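File shown: start_36.pdb (PDB, C-alpha atoms).
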ATOM      1  CA  MET A1100      22.337 -42.757  11.858
ATOM      2  CA  VAL A1101      18.792 -44.012  12.433
ATOM      3  CA  ARG A1102      18.317 -41.420  15.154
ATOM      4  CA  GLY A1103      19.381 -38.621  12.763
ATOM      5  CA  LYS A1104      16.940 -39.810  10.126
ATOM      6  CA  TRP A1105      14.141 -39.978  12.704
ATOM      7  CA  ALA A1106      14.933 -36.415  13.852
ATOM      8  CA  ARG A1107      14.741 -35.092  10.280
ATOM      9  CA  TYR A1108      11.518 -37.026   9.737
ATOM     10  CA  ARG A1109      10.052 -35.559  12.896
ATOM     11  CA  VAL A1110      10.914 -31.988  11.848
ATOM     12  CA  GLY A1111       9.330 -32.571   8.459
ATOM     13  CA  LEU A1112       6.219 -34.000  10.097
ATOM     14  CA  VAL A1113       5.941 -30.992  12.403
ATOM     15  CA  ALA A1114       6.232 -28.532   9.495
ATOM     16  CA  ALA A1115       3.755 -30.453   7.329
ATOM     17  CA  SER A1116       1.195 -30.786  10.128
ATOM     18  CA  PHE A1117       1.523 -27.139  11.064
ATOM     19  CA  LEU A1118       1.143 -25.866   7.519
ATOM     20  CA  PHE A1119      -1.895 -28.114   7.033
ATOM     21  CA  ILE A1120      -3.603 -26.697  10.118
ATOM     22  CA  LEU A1121      -2.703 -23.157   9.063
ATOM     23  CA  LEU A1122      -4.138 -23.782   5.598
ATOM     24  CA  LEU A1123      -7.399 -25.021   7.096
ATOM     25  CA  SER A1124      -7.621 -21.941   9.306
ATOM     26  CA  MET A1125      -7.229 -19.633   6.282
ATOM     27  CA  THR A1126      -9.616 -21.391   3.898
ATOM     28  CA  GLY A1127     -12.646 -21.112   6.143
ATOM     29  CA  MET A1128     -13.528 -24.842   6.190
ATOM     30  CA  GLY A1129     -16.320 -25.504   8.682
ATOM     31  CA  ARG A1130     -16.849 -21.818   9.566
ATOM     32  CA  ALA A1131     -18.425 -18.633   8.306
ATOM     33  CA  SER A1132     -17.113 -16.909   5.208
ATOM     34  CA  SER A1133     -14.234 -14.466   5.752
ATOM     35  CA  SER A1134     -13.537 -12.892   2.376
ATOM     36  CA  SER A1135     -11.733  -9.964   4.001
ATOM     37  CA  LEU A1136      -9.272 -12.242   5.798
ATOM     38  CA  PHE A1137      -5.607 -11.662   4.994
ATOM     39  CA  GLN A1138      -6.233  -9.008   2.362
ATOM     40  CA  ASN A1139      -3.455  -6.672   1.320
ATOM     41  CA  SER A1140      -2.926  -3.236   2.821
ATOM     42  CA  PRO A1141      -3.020  -0.698  -0.046
ATOM     43  CA  ALA A1142      -0.637   2.239   0.374
ATOM     44  CA  THR A1143      -1.013   4.765  -2.445
ATOM     45  CA  ILE A1144       1.296   7.652  -3.369
ATOM     46  CA  ASP A1145      -0.341   9.980  -5.888
ATOM     47  CA  ALA A1146       2.075  12.356  -7.647
ATOM     48  CA  SER A1147       0.860  15.196  -9.843
ATOM     49  CA  GLN A1148       1.865  18.693 -10.892
ATOM     50  CA  ASN A1149      -0.077  19.966  -7.869
ATOM     51  CA  GLY A1150       1.772  17.893  -5.270
ATOM     52  CA  LEU A1151       2.088  14.554  -3.497
ATOM     53  CA  ARG A1152      -0.801  12.886  -1.678
ATOM     54  CA  LEU A1153      -0.490   9.799   0.517
ATOM     55  CA  ASN A1154      -3.328   7.416   1.305
ATOM     56  CA  TYR A1155      -2.119   4.474   3.403
ATOM     57  CA  GLN A1156      -4.793   1.936   4.419
ATOM     58  CA  LEU A1157      -2.805  -0.410   6.648
ATOM     59  CA  MET A1158      -4.093  -3.556   8.366
ATOM     60  CA  VAL A1159      -2.522  -6.150  10.640
ATOM     61  CA  PHE A1160      -4.424  -9.431  10.878
ATOM     62  CA  GLU A1161      -3.951 -11.504  14.023
ATOM     63  CA  ASN A1162      -5.611 -14.061  16.258
ATOM     64  CA  LEU A1163      -2.866 -13.997  18.875
ATOM     65  CA  THR A1164      -4.729 -11.691  21.263
ATOM     66  CA  SER A1165      -8.140 -10.787  22.628
ATOM     67  CA  ILE A1166      -8.799  -7.105  22.010
ATOM     68  CA  SER A1167     -11.916  -4.966  21.816
ATOM     69  CA  ALA A1168     -13.474  -3.307  18.794
ATOM     70  CA  MET A1169     -12.973   0.440  18.529
ATOM     71  CA  LYS A1170     -12.720   3.302  16.032
ATOM     72  CA  ALA A1171     -11.253   6.780  16.246
ATOM     73  CA  SER A1172     -10.324   9.655  13.947
ATOM     74  CA  LEU A1173      -7.638  12.269  14.528
ATOM     75  CA  VAL A1174      -7.921  15.518  12.571
ATOM     76  CA  GLY A1175      -6.896  19.106  13.129
ATOM     77  CA  SER A1176      -5.192  19.807  16.455
ATOM     78  CA  ASN A1177      -5.943  16.265  17.685
ATOM     79  CA  SER A1178      -3.637  14.848  14.993
ATOM     80  CA  THR A1179      -0.670  17.177  15.593
ATOM     81  CA  GLN A1180       1.481  14.761  17.598
ATOM     82  CA  ALA A1181       0.882  11.853  15.200
ATOM     83  CA  MET A1182       1.642  14.078  12.208
ATOM     84  CA  LYS A1183       4.871  15.362  13.771
ATOM     85  CA  SER A1184       6.069  11.806  14.491
ATOM     86  CA  ILE A1185       5.441  10.681  10.909
ATOM     87  CA  GLU A1186       6.974  13.875   9.511
ATOM     88  CA  ALA A1187      10.091  13.393  11.674
ATOM     89  CA  ALA A1188      10.523   9.838  10.356
ATOM     90  CA  MET A1189      10.314  11.126   6.780
ATOM     91  CA  ARG A1190      12.702  14.010   7.453
ATOM     92  CA  ARG A1191      15.382  11.626   8.723
ATOM     93  CA  LEU A1192      15.616  10.431   5.105
ATOM     94  CA  GLU A1193      14.685  13.688   3.379
ATOM     95  CA  PRO A1194      15.158  16.852   5.504
ATOM     96  CA  SER A1195      13.102  19.124   3.221
ATOM     97  CA  ILE A1196       9.881  17.158   3.753
ATOM     98  CA  ARG A1197       6.868  18.821   5.381
ATOM     99  CA  LEU A1198       3.331  17.555   5.946
ATOM    100  CA  ASP A1199       0.419  19.951   5.462
ATOM    101  CA  PRO A1200      -1.453  20.103   8.819
ATOM    102  CA  SER A1201      -4.706  21.104   7.136
ATOM    103  CA  GLN A1202      -4.651  17.953   4.978
ATOM    104  CA  PHE A1203      -3.503  15.389   7.550
ATOM    105  CA  ARG A1204      -5.903  12.779   8.902
ATOM    106  CA  LEU A1205      -5.431   9.581  10.896
ATOM    107  CA  ASP A1206      -8.188   6.969  11.207
ATOM    108  CA  VAL A1207      -7.567   3.951  13.424
ATOM    109  CA  GLY A1208      -9.592   1.033  14.660
ATOM    110  CA  THR A1209      -9.827  -2.638  15.530
ATOM    111  CA  ALA A1210     -12.442  -5.018  14.142
ATOM    112  CA  LEU A1211     -13.261  -8.705  14.449
ATOM    113  CA  VAL A1212     -13.125 -10.073  10.890
ATOM    114  CA  ASP A1213     -13.625 -13.772  11.671
ATOM    115  CA  SER A1214     -15.315 -14.874  14.877
ATOM    116  CA  GLY A1215     -14.659 -18.569  14.186
ATOM    117  CA  GLN A1216     -10.889 -18.048  14.243
ATOM    118  CA  SER A1217     -10.957 -15.022  16.585
ATOM    119  CA  MET A1218      -9.199 -13.099  13.816
ATOM    120  CA  TRP A1219      -8.841  -9.357  14.382
ATOM    121  CA  ALA A1220      -7.777  -6.524  12.091
ATOM    122  CA  VAL A1221      -5.769  -3.628  13.515
ATOM    123  CA  GLU A1222      -6.355  -0.770  11.070
ATOM    124  CA  GLU A1223      -4.457   2.461  10.517
ATOM    125  CA  ASN A1224      -5.374   4.820   7.672
ATOM    126  CA  VAL A1225      -3.059   7.775   7.032
ATOM    127  CA  THR A1226      -4.035  10.592   4.656
ATOM    128  CA  ALA A1227      -1.466  13.339   4.073
ATOM    129  CA  VAL A1228      -0.172  15.893   1.579
ATOM    130  CA  VAL A1229       3.626  16.035   1.312
ATOM    131  CA  ASP A1230       5.417  19.324   0.599
ATOM    132  CA  GLY A1231       9.094  19.984  -0.001
ATOM    133  CA  ALA A1232       9.887  16.932  -2.114
ATOM    134  CA  ALA A1233       9.543  18.600  -5.528
ATOM    135  CA  SER A1234      11.949  20.442  -7.787
ATOM    136  CA  VAL A1235      11.261  21.994 -11.206
ATOM    137  CA  SER A1236      13.837  22.523 -13.933
ATOM    138  CA  SER A1237      13.410  23.155 -17.677
ATOM    139  CA  GLY A1238       9.768  22.116 -17.640
ATOM    140  CA  ILE A1239      10.428  18.875 -15.737
ATOM    141  CA  VAL A1240       8.949  18.199 -12.280
ATOM    142  CA  SER A1241      10.955  15.786 -10.107
ATOM    143  CA  TYR A1242       9.957  14.301  -6.753
ATOM    144  CA  ASP A1243      12.479  12.816  -4.342
ATOM    145  CA  LEU A1244      10.614   9.814  -2.887
ATOM    146  CA  THR A1245      13.344   8.650  -0.512
ATOM    147  CA  PHE A1246      10.931   9.227   2.384
ATOM    148  CA  VAL A1247       8.774   6.268   1.270
ATOM    149  CA  SER A1248      11.236   3.917   3.027
ATOM    150  CA  MET A1249      10.749   5.677   6.368
ATOM    151  CA  ASN A1250      10.873   3.897   9.717
ATOM    152  CA  MET A1251       8.726   5.507  12.385
ATOM    153  CA  SER A1252       9.509   3.942  15.757
ATOM    154  CA  ASP A1253       7.521   6.320  17.978
ATOM    155  CA  PRO A1254       4.470   4.937  19.800
ATOM    156  CA  LEU A1255       1.077   5.923  18.433
ATOM    157  CA  GLN A1256      -1.589   5.383  21.064
ATOM    158  CA  VAL A1257      -5.253   6.242  20.569
ATOM    159  CA  ASN A1258      -7.758   5.579  23.361
ATOM    160  CA  GLY A1259      -5.319   3.213  25.062
ATOM    161  CA  MET A1260      -4.636   1.097  21.944
ATOM    162  CA  GLU A1261      -1.239   1.121  20.209
ATOM    163  CA  PHE A1262      -1.259   1.548  16.420
ATOM    164  CA  ASN A1263       2.425   1.682  15.525
ATOM    165  CA  ASN A1264       4.491  -0.390  17.983
ATOM    166  CA  VAL A1265       1.948  -3.163  17.506
ATOM    167  CA  GLY A1266       4.553  -5.904  17.790
ATOM    168  CA  ARG A1267       5.936  -4.920  21.179
ATOM    169  CA  ALA A1268       2.748  -3.533  22.756
ATOM    170  CA  VAL A1269       0.038  -5.826  21.365
ATOM    171  CA  LEU A1270       1.419  -9.096  19.987
ATOM    172  CA  LEU A1271       4.564  -9.843  22.009
ATOM    173  CA  PRO A1272       2.935 -10.857  25.342
ATOM    174  CA  SER A1273       1.014 -13.617  23.579
ATOM    175  CA  VAL A1274       4.081 -14.848  21.677
ATOM    176  CA  LEU A1275       6.151 -15.090  24.884
ATOM    177  CA  SER A1276       3.461 -16.675  27.060
ATOM    178  CA  GLN A1277       3.023 -19.981  25.225
ATOM    179  CA  PRO A1278       3.963 -23.207  27.040
ATOM    180  CA  SER A1279       7.476 -24.353  26.219
ATOM    181  CA  GLY A1280       8.113 -27.778  24.779
ATOM    182  CA  ILE A1281       4.765 -28.107  23.018
ATOM    183  CA  THR A1282       4.793 -24.937  20.885
ATOM    184  CA  SER A1283       6.377 -24.600  17.448
ATOM    185  CA  TYR A1284       7.001 -21.191  15.890
ATOM    186  CA  PHE A1285       7.490 -19.879  12.375
ATOM    187  CA  ALA A1286       8.757 -16.329  11.784
ATOM    188  CA  ASP A1287       9.316 -14.436   8.520
ATOM    189  CA  GLY A1288       9.626 -17.591   6.453
ATOM    190  CA  GLY A1289      11.869 -19.481   8.891
ATOM    191  CA  GLY A1290      11.170 -22.339  11.287
ATOM    192  CA  PRO A1291       9.979 -24.374  12.943
ATOM    193  CA  TYR A1292      11.528 -22.934  16.123
ATOM    194  CA  SER A1293      11.112 -24.565  19.501
ATOM    195  CA  ASN A1294      11.541 -21.360  21.513
ATOM    196  CA  THR A1295      10.574 -17.685  21.314
ATOM    197  CA  VAL A1296      14.015 -16.156  20.642
ATOM    198  CA  ILE A1297      13.606 -15.522  16.901
ATOM    199  CA  PRO A1298       9.818 -14.961  16.768
ATOM    200  CA  GLY A1299      10.115 -12.738  19.835
ATOM    201  CA  ASN A1300      12.840 -10.581  18.264
ATOM    202  CA  VAL A1301      10.878 -10.320  15.006
ATOM    203  CA  THR A1302       7.788  -9.248  16.958
ATOM    204  CA  ILE A1303       9.627  -6.681  19.114
ATOM    205  CA  ARG A1304      10.951  -4.934  15.989
ATOM    206  CA  PHE A1305       7.590  -4.816  14.206
ATOM    207  CA  ASN A1306       6.090  -1.332  13.699
ATOM    208  CA  MET A1307       3.225  -0.662  11.295
ATOM    209  CA  LEU A1308       4.942   2.462   9.946
ATOM    210  CA  ASP A1309       8.309   0.783   9.365
ATOM    211  CA  PHE A1310       8.890   0.664   5.592
ATOM    212  CA  SER A1311      12.680   0.509   5.782
ATOM    213  CA  ARG A1312      12.717  -2.822   3.922
ATOM    214  CA  VAL A1313      10.890  -1.328   0.929
ATOM    215  CA  PRO A1314      13.391  -0.632  -1.893
ATOM    216  CA  GLN A1315      13.617   2.575  -3.924
ATOM    217  CA  ILE A1316      11.031   3.228  -6.633
ATOM    218  CA  SER A1317      13.213   2.112  -9.545
ATOM    219  CA  GLN A1318      13.051  -1.444  -8.158
ATOM    220  CA  TRP A1319       9.254  -1.519  -8.104
ATOM    221  CA  ASP A1320       7.166  -3.210 -10.784
ATOM    222  CA  GLY A1321       6.407  -0.738 -13.567
ATOM    223  CA  LYS A1322       7.722   0.539 -16.850
ATOM    224  CA  TYR A1323       7.611   3.534 -19.139
ATOM    225  CA  GLN A1324       4.329   3.554 -21.093
ATOM    226  CA  PRO A1325       4.284   6.431 -23.596
ATOM    227  CA  LEU A1326       0.669   5.875 -24.738
ATOM    228  CA  ALA A1327      -0.974   5.306 -21.341
ATOM    229  CA  GLY A1328      -3.046   8.000 -19.664
ATOM    230  CA  SER A1329      -1.166   7.567 -16.345
ATOM    231  CA  SER A1330       1.988   5.911 -15.049
ATOM    232  CA  PHE A1331       2.015   3.258 -12.314
ATOM    233  CA  TRP A1332       4.618   1.501 -10.177
ATOM    234  CA  THR A1333       3.772  -1.146  -7.580
ATOM    235  CA  TYR A1334       5.676  -2.937  -4.837
ATOM    236  CA  ASP A1335       4.111  -5.950  -3.124
ATOM    237  CA  THR A1336       5.863  -6.749   0.147
ATOM    238  CA  SER A1337       5.156 -10.440  -0.470
ATOM    239  CA  LYS A1338       8.475 -10.299  -2.376
ATOM    240  CA  LEU A1339      10.340  -9.860   0.893
ATOM    241  CA  ILE A1340      11.724 -12.751   2.928
ATOM    242  CA  GLY A1341       8.798 -14.262   4.764
ATOM    243  CA  GLY A1342       6.302 -12.955   2.202
ATOM    244  CA  SER A1343       5.311  -9.853   4.195
ATOM    245  CA  LEU A1344       6.599  -7.108   6.483
ATOM    246  CA  TYR A1345       5.559  -9.207   9.482
ATOM    247  CA  ASN A1346       4.605 -12.872   9.718
ATOM    248  CA  VAL A1347       4.770 -14.873  12.947
ATOM    249  CA  THR A1348       2.795 -18.064  13.391
ATOM    250  CA  TYR A1349       2.777 -20.666  16.133
ATOM    251  CA  GLY A1350       0.774 -23.687  17.167
ATOM    252  CA  LEU A1351       0.282 -25.898  20.198
ATOM    253  CA  ARG A1352       0.971 -29.547  19.465
ATOM    254  CA  SER A1353       0.463 -32.853  21.165
ATOM    255  CA  PRO A1354       3.366 -35.206  22.006
ATOM    256  CA  GLU A1355       2.498 -36.965  18.734
ATOM    257  CA  PHE A1356       3.182 -33.688  16.855
ATOM    258  CA  VAL A1357      -0.477 -33.082  16.005
ATOM    259  CA  PHE A1358      -1.387 -29.388  16.042
ATOM    260  CA  PHE A1359      -4.544 -28.292  17.811
ATOM    261  CA  LYS A1360      -4.797 -24.801  16.322
ATOM    262  CA  ALA A1361      -2.648 -22.264  14.473
ATOM    263  CA  TYR A1362      -2.193 -18.670  15.653
ATOM    264  CA  THR A1363      -0.770 -15.972  13.409
ATOM    265  CA  GLY A1364       0.044 -12.295  13.029
ATOM    266  CA  TRP A1365       0.349 -11.038   9.449
ATOM    267  CA  TYR A1366       1.045  -7.670   7.745
ATOM    268  CA  ARG A1367       1.454  -7.256   3.981
ATOM    269  CA  PRO A1368       1.225  -3.737   2.510
ATOM    270  CA  VAL A1369       1.166  -3.208  -1.254
ATOM    271  CA  LEU A1370       2.531   0.192  -2.282
ATOM    272  CA  THR A1371       1.390   1.892  -5.481
ATOM    273  CA  LEU A1372       2.805   5.052  -7.071
ATOM    274  CA  THR A1373       0.614   6.873  -9.599
ATOM    275  CA  ALA A1374       1.961   9.670 -11.763
ATOM    276  CA  PRO A1375       1.086  11.608 -14.943
ATOM    277  CA  ALA A1376       1.459  10.028 -18.359
ATOM    278  CA  ARG A1377       5.004   9.367 -19.643
ATOM    279  CA  ALA A1378       6.609   9.740 -16.193
ATOM    280  CA  TRP A1379       9.900   7.975 -15.493
ATOM    281  CA  VAL A1380      11.918   6.957 -12.420
ATOM    282  CA  ALA A1381      15.617   6.833 -11.576
ATOM    283  CA  GLY A1382      16.598   5.545  -8.152
ATOM    284  CA  ALA A1383      14.216   7.211  -5.692
ATOM    285  CA  ALA A1384      13.364  10.089  -8.071
ATOM    286  CA  LEU A1385      10.143  10.397 -10.069
ATOM    287  CA  SER A1386      10.068  12.840 -13.001
ATOM    288  CA  PHE A1387       7.577  13.988 -15.602
ATOM    289  CA  ASN A1388       7.160  16.845 -18.075
ATOM    290  CA  VAL A1389       5.016  19.843 -17.212
ATOM    291  CA  PRO A1390       2.532  20.753 -19.990
ATOM    292  CA  SER A1391       3.485  24.115 -21.545
ATOM    293  CA  LEU A1392       1.994  26.513 -24.094
ATOM    294  CA  TYR A1393       4.203  24.945 -26.743
ATOM    295  CA  ASP A1394       2.416  21.651 -26.128
ATOM    296  CA  VAL A1395      -0.948  23.378 -26.571
ATOM    297  CA  PHE A1396      -0.172  25.413 -29.714
ATOM    298  CA  PRO A1397       0.019  22.617 -32.350
ATOM    299  CA  PRO A1398      -3.354  21.016 -31.545
ATOM    300  CA  LEU A1399      -4.858  24.470 -31.047
ATOM    301  CA  ILE A1400      -3.740  25.564 -34.522
ATOM    302  CA  ILE A1401      -5.283  22.441 -36.034
ATOM    303  CA  ILE A1402      -8.580  22.984 -34.212
ATOM    304  CA  VAL A1403      -8.741  26.657 -35.228
ATOM    305  CA  GLY A1404      -7.897  25.773 -38.842
ATOM    306  CA  LEU A1405     -10.659  23.175 -38.969
ATOM    307  CA  ALA A1406     -13.147  25.593 -37.422
ATOM    308  CA  VAL A1407     -12.300  28.320 -39.957
ATOM    309  CA  GLY A1408     -12.595  25.857 -42.811
ATOM    310  CA  ILE A1409     -16.000  24.615 -41.660
ATOM    311  CA  VAL A1410     -17.346  28.145 -41.194
ATOM    312  CA  ALA A1411     -16.085  29.180 -44.636
ATOM    313  CA  TYR A1412     -17.623  26.091 -46.259
ATOM    314  CA  VAL A1413     -21.022  26.607 -44.613
ATOM    315  CA  GLY A1414     -21.010  30.309 -45.495
ATOM    316  CA  GLU A1415     -20.193  29.586 -49.126
ATOM    317  CA  ARG A1416     -23.048  27.066 -49.389
ATOM    318  CA  ARG A1417     -25.524  29.534 -47.984
ATOM    319  CA  THR A1418     -24.365  32.226 -50.418
ATOM    320  CA  LEU A1419     -24.824  29.928 -53.411
ATOM    321  CA  ARG A1420     -28.374  29.034 -52.316
ATOM    322  CA  THR A1421     -29.503  32.655 -51.946
ATOM    323  CA  THR A1422     -27.922  33.986 -55.189
ATOM    324  CA  PRO A1423     -30.522  34.043 -58.099
ATOM    325  CA  GLY A1424     -29.507  32.260 -61.295
ATOM    326  CA  PRO A1425     -29.832  33.638 -64.927
ATOM    327  CA  ALA A1426     -33.445  34.102 -66.167
ATOM    328  CA  ARG A1427     -34.682  31.645 -68.785
ATOM    329  CA  LYS A1428     -36.198  32.965 -72.081
ATOM    330  CA  LYS A1429     -39.742  31.974 -72.918
ATOM    331  CA  LYS A1430     -40.242  30.092 -76.198
ATOM    332  CA  ARG A1431     -42.525  31.663 -78.817
ATOM    333  CA  ALA A1432     -45.529  29.745 -79.934
TER     334      ALA A1432
END
Do you think you could lay out the structure here as structure tokens?
Amino acid sequence: MVRGKWARYRVGLVAASFLFILLLSMTGMGRASSSSLFQNSPATIDASQNGLRLNYQLMVFENLTSISAMKASLVGSNSTQAMKSIEAAMRRLEPSIRLDPSQFRLDVGTALVDSGQSMWAVEENVTAVVDGAASVSSGIVSYDLTFVSMNMSDPLQVNGMEFNNVGRAVLLPSVLSQPSGITSYFADGGGPYSNTVIPGNVTIRFNMLDFSRVPQISQWDGKYQPLAGSSFWTYDTSKLIGGSLYNVTYGLRSPEFVFFKAYTGWYRPVLTLTAPARAWVAGAALSFNVPSLYDVFPPLIIIVGLAVGIVAYVGERRTLRTTPGPARKKKRA
């Protein structure tokens, strides 16, 4: 009985010590400022009458590896293979989807964001225009946004660096190479684990362009706002188990369960859908009314009526000023 209590106490001490060290590593105590550390990855879907535009600015933060800084941009013919891989992932959910080659752009890079903690950002920015998702009926435009929950599993290498299968190609060797017996792991909200089975499996499955855990639009945060100039829906992946799309952390500890340093890999996109005023969603479908001539006529009639009235009033005033009045008779002396 005493042994069982001591085991539970030891597990609690490990978790508390580890979380304390991790908290210190994030707050920047005793090191340079790192305001960009662990920021969200904004992924924006802009829907309008003219089409759908994607702007995904994705970032993985990690101090598990030692990589080199680099930047690269893929446009035109250089981006064809990347575009086809992303388009294929979307088409598995929505076969009518097409990406406009003239509007596709992929910017990738790696940057050291905190030298004190050796924290790196692996960045992937995708800009694209989506065709084939719209339908129009009775003055209502509807977009099928099923493709948002795509899972692209293809590799995406640029200048020797992987920017999609980041888990398997970049992070996994470090996760698996830690000394056994003195390493504790946490993965997607679970732990501590004493071996690499669960954190290794989580890491192997991690792809930056895997959004399969993101629910359909109707489950995002947002509501119908009839008086607003635009409509917005947002989904923060911190709502998922583990608080992100990927979160693996481990630390080396002494026999007394004191952690020397925490190492982590972290990925938390925040998706935002913007649409015209008074749009609404149902399941994965976004709909809004298309402005028509009937919408323009009533205010136009009012404007024309006011203009005619003002012109008539001004003209009448001018006429009265220029018209001579009756002559007055002179009084006799």
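For the set A:Ala1220, A:Ala1378, A:Leu1153, A:Met1158, the residue with the smallest atom-to-atom gap to Asp1199 of chain A is A:Leu1153, counting only C-alpha atoms.
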I'd like the contact shell of Asn1264 of chain A - 8 Å cut-off, only C-alpha atoms, skipping same-chain residues fewer than 5 positions apart - returned as a PyMOL selection string.
chain A and resi 1252-1255+1269+1305-1307
Ala1376 of chain A proximity check over A:Leu1351, A:Pro1325, A:Glu1261, A:Phe1285, using all atoms listed in the file: winner is A:Pro1325
Rows by chain and residue number, segment 1227-1284 of chain A within 12 Å of segment 1173-1185 of chain A, shortest pair, all atoms listed in the file, as a tab-separated table:
residue	atom	partner	partner_atom	distance
A:Ala1227	CA	A:Met1182	CA	8.7
A:Val1228	CA	A:Met1182	CA	10.9
A:Val1229	CA	A:Ile1185	CA	11.1
A:Phe1246	CA	A:Ile1185	CA	10.2
A:Val1247	CA	A:Ile1185	CA	11.1
A:Ser1248	CA	A:Ile1185	CA	11.9
A:Met1249	CA	A:Ile1185	CA	8.6
A:Asn1250	CA	A:Ile1185	CA	8.8
A:Met1251	CA	A:Ile1185	CA	6.3
A:Ser1252	CA	A:Ser1184	CA	8.7
A:Asp1253	CA	A:Ser1184	CA	6.7
A:Pro1254	CA	A:Ser1184	CA	8.8
A:Leu1255	CA	A:Ala1181	CA	6.8
A:Gln1256	CA	A:Ala1181	CA	9.1
A:Val1257	CA	A:Leu1173	CA	8.9
A:Asn1258	CA	A:Leu1173	CA	11.1
A:Phe1262	CA	A:Ala1181	CA	10.6
A:Asn1263	CA	A:Ala1181	CA	10.3
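Among the candidates A:Val1265, A:Ala1374, A:Ala1286, A:Leu1157, the residue lying nearest to Val1240 of chain A is A:Ala1374 (atoms considered: only C-alpha atoms).
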For this session: Neighbourhood query: residues within 6 Å of (5.2, 7.4, -17.1), file coordinates, counting all atoms listed in the file; return as a list in words.
Result: Tyr1323, Gln1324, Ser1330, Ala1376, Arg1377, Ala1378 and Trp1379 of chain A
Exercise for review: With a distance cut-off of 9 Å and all atoms listed in the file, select the neighbouring residues of Ala1233 of chain A, excluding the residue or stretch itself and same-chain residues fewer than 4 positions from it, and output the selection as number ranges by chain.
Suggested key: A: 1150-1151, 1240-1243
- On this file, the PyMOL selection byres ((chain A and resi 1310-1315) around 10) gives some set of residues; write that set as a list in words. Leu1244, Thr1245, Phe1246, Val1247, Ser1248, Met1249, Asn1250, Met1251, Asn1306, Met1307, Leu1308, Asp1309, Ile1316, Ser1317, Gln1318, Trp1319, Tyr1334, Asp1335, Thr1336, Lys1338, Leu1339, Leu1344, Pro1368, Leu1370, Val1380, Ala1381, Gly1382, Ala1383 and Ala1384 of chain A
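Distance-wise, atom CA of Asn1300 of chain A and atom CA of Val1347 of chain A end up 10.6 Å apart.
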The distance between atom CA of Gly1364 of chain A and atom CA of Ala1188 of chain A is 24.6 Å
Take the PyMOL selection byres ((chain A and resi 1388) around 7), apply it to the structure above, and return the hits as a PDB file with C-alpha atoms, in the frame of the given file.
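Result went into selection.pdb, see below:
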ATOM      1  CA  GLY A1238       9.768  22.116 -17.640  1.00  0.00           C
ATOM      2  CA  ILE A1239      10.428  18.875 -15.737  1.00  0.00           C
ATOM      3  CA  VAL A1240       8.949  18.199 -12.280  1.00  0.00           C
ATOM      4  CA  PHE A1387       7.577  13.988 -15.602  1.00  0.00           C
ATOM      5  CA  VAL A1389       5.016  19.843 -17.212  1.00  0.00           C
ATOM      6  CA  PRO A1390       2.532  20.753 -19.990  1.00  0.00           C
TER       7      PRO A1390
END
Of A:Leu1385, A:Ile1281, A:Val1221, A:Ala1327, the one nearest to Leu1372 of chain A when counting all atoms listed in the file is A:Leu1385
Expressed in Å, the length from atom CA of Asn1224 of chain A to atom CA of Pro1141 of chain A is 9.8 Å
Picked residues, the PyMOL selection byres ((chain A and resi 1275-1280) around 7), as a list of chain:residue names: A:Leu1271, A:Pro1272, A:Ser1273, A:Val1274, A:Ile1281, A:Thr1282, A:Ser1293, A:Asn1294, A:Thr1295, A:Gly1299
How big is the axis-aligned box around the listed atoms of segment 1228-1246 of chain A once 4 Å is added on each side, and where is its centre? Give both in Å to one decimal, as AutoDock Vina command-line options.
--center_x 6.8 --center_y 15.9 --center_z -7.6 --size_x 22.0 --size_y 22.5 --size_z 28.1
Judged by all atoms listed in the file, the minimum distance to Gln1156 of chain A among A:Ala1168, A:Arg1190, A:Val1207, A:Ile1303 is found for A:Val1207
Restricting to all atoms listed in the file, whichever of A:Ser1236, A:Thr1164, A:Asn1346, A:Gln1138 is closest to Ala1268 of chain A is A:Thr1164
